[in-house]
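Inspection log for the structure reproduced underneath, given as structure tokens.
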Amino acid sequence: MIGIDRNSGAAVDDWLQFVQRATRALTTPVGTRQKRPFYGSKIPQLLGQNLGDDLLILAQSHAADAFYNAQNGITDFQPQVIVATRQGAGLLLRFAGTWKNRQQSFEVVT
């Protein structure tokens, strides 16, 4: 699948295109899209709260849930490791797993 980088306008395909889809799904609050109300994740609801260890574990759980939501279109990645850490006023989510029979990893900053 070929896509367009939303920042530069350059054509992206394969792994970079997937990372963009995953980032968009993980940073979009559930219920904010009118035609696809189940698209997104619950991670943005956690922002603005005190990021204690309990909230980091909850963020990891919400991230895993987003990968198993078929509406997000990112079910082709099977996460094996999800780590949430504090970064500035938000979260840094690190993912490692299998995509098209290859081990891949990426990060999402919220």
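Identifiers in this document derive from the order of the structure tokens: chains are assigned A, B, ..., residues are numbered from 1 separately in each chain, and ligands are numbered from 1 in order of occurrence.
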For range 50-67 of chain A, work out the shell of residues within 9 Å, counting only C-alpha atoms and skipping chain neighbours fewer than 4 positions away, then give it as a CSV table (one decimal) with N, CA and C atoms, in the first residue's frame.
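Generated output (out31.csv):
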```csv
chain,number,residue,atom,x,y,z
A,22,ALA,N,-0.5,3.5,12.3
A,22,ALA,CA,-0.6,3.1,13.7
A,22,ALA,C,-0.5,4.4,14.6
A,25,ALA,N,-3.9,6.1,14.5
A,25,ALA,CA,-4.9,5.3,15.3
A,25,ALA,C,-4.7,5.4,16.8
A,26,LEU,N,-3.4,5.4,17.2
A,26,LEU,CA,-3.1,5.5,18.7
A,26,LEU,C,-3.3,6.9,19.2
A,39,TYR,N,-13.1,3.9,15.7
A,39,TYR,CA,-11.7,4.1,15.3
A,39,TYR,C,-11.0,4.9,16.4
A,40,GLY,N,-9.8,4.5,16.7
A,40,GLY,CA,-8.9,5.3,17.6
A,40,GLY,C,-8.6,4.4,18.8
A,41,SER,N,-8.1,5.1,19.9
A,41,SER,CA,-7.7,4.4,21.1
A,41,SER,C,-8.1,5.3,22.3
A,42,LYS,N,-8.0,4.7,23.5
A,42,LYS,CA,-8.3,5.4,24.7
A,42,LYS,C,-7.1,6.1,25.3
A,43,ILE,N,-6.0,6.0,24.6
A,43,ILE,CA,-4.8,6.6,25.2
A,43,ILE,C,-4.9,8.2,25.3
A,46,LEU,N,-5.9,9.6,28.7
A,46,LEU,CA,-5.0,9.6,29.8
A,46,LEU,C,-4.2,10.8,29.9
A,71,GLN,N,-11.3,-1.9,13.4
A,71,GLN,CA,-11.7,-0.6,12.9
A,71,GLN,C,-10.4,0.3,12.6
A,72,ASN,N,-9.3,0.1,13.4
A,72,ASN,CA,-8.1,0.9,13.2
A,72,ASN,C,-7.3,0.5,12.0
A,73,GLY,N,-7.5,-0.7,11.5
A,73,GLY,CA,-6.7,-1.1,10.3
A,73,GLY,C,-5.3,-1.4,10.6
A,74,ILE,N,-4.9,-1.7,11.8
A,74,ILE,CA,-3.5,-2.0,12.1
A,74,ILE,C,-3.3,-3.4,12.7
A,75,THR,N,-4.3,-4.3,12.4
A,75,THR,CA,-4.2,-5.6,12.9
A,75,THR,C,-3.1,-6.5,12.3
A,76,ASP,N,-2.5,-6.0,11.2
A,76,ASP,CA,-1.4,-6.7,10.6
A,76,ASP,C,-0.1,-6.7,11.4
A,77,PHE,N,-0.1,-6.0,12.5
A,77,PHE,CA,1.1,-5.9,13.4
A,77,PHE,C,0.7,-6.7,14.7
A,78,GLN,N,1.5,-7.7,15.1
A,78,GLN,CA,1.2,-8.4,16.3
A,78,GLN,C,2.2,-7.9,17.3
A,79,PRO,N,1.8,-7.0,18.3
A,79,PRO,CA,2.7,-6.5,19.3
A,79,PRO,C,3.2,-7.6,20.3
A,82,ILE,N,5.2,-3.9,24.5
A,82,ILE,CA,4.6,-2.5,24.6
A,82,ILE,C,5.1,-1.9,25.9
A,83,VAL,N,5.9,-0.8,25.7
A,83,VAL,CA,6.4,-0.1,26.9
A,83,VAL,C,6.0,1.3,26.9
A,84,ALA,N,5.4,1.8,27.9
A,84,ALA,CA,5.0,3.2,28.0
A,84,ALA,C,5.9,3.9,29.1
A,85,THR,N,6.5,5.1,28.7
A,85,THR,CA,7.3,5.8,29.6
A,85,THR,C,6.9,7.3,29.5
A,86,ARG,N,7.2,8.0,30.5
A,86,ARG,CA,6.9,9.5,30.6
A,86,ARG,C,7.9,10.2,29.7
A,89,ALA,N,5.4,16.3,28.9
A,89,ALA,CA,4.1,16.3,29.4
A,89,ALA,C,3.2,15.2,28.9
A,90,GLY,N,3.8,14.2,28.1
A,90,GLY,CA,3.0,13.2,27.5
A,90,GLY,C,3.6,11.8,27.7
A,91,LEU,N,3.4,10.9,26.8
A,91,LEU,CA,3.8,9.5,26.8
A,91,LEU,C,4.7,9.2,25.6
A,93,LEU,N,5.4,5.7,23.7
A,93,LEU,CA,5.1,4.3,23.6
A,93,LEU,C,6.0,3.6,22.7
```
message = Can you pull out the residues contacting Val108 in chain A? Cut-off 8 Å, using only C-alpha atoms, and skip same-chain residues under 4 positions away; I want them as a PyMOL selection string.
response = chain A and resi 23+92-94
request  = Give the answer as one residue: which of A:Pro44, A:Gln49, A:Arg6, A:Leu16 has the shortest atom-to-atom distance to Phe106 in chain A, using only C-alpha atoms?
outcome  =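 Using only C-alpha atoms, the shortest distance to Phe106 in chain A belongs to A:Leu16.
Counting from CA of Lys100 in chain A, the distance to CA of Ala10 in chain A is 23.2 Å.
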Which of chain A fall in helix (DSSP H, G or I), as a ChimeraX atom specification = /A:14-27,43-46,53-67,70-72
query = In terms of the shortest atom-to-atom distance over only C-alpha atoms, which of A:Gln20, A:Gly31, A:Trp15, A:Asn7 is closest to Gln103 in chain A?
reply =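 Of the candidates, the smallest distance to Gln103 in chain A is held by A:Trp15.
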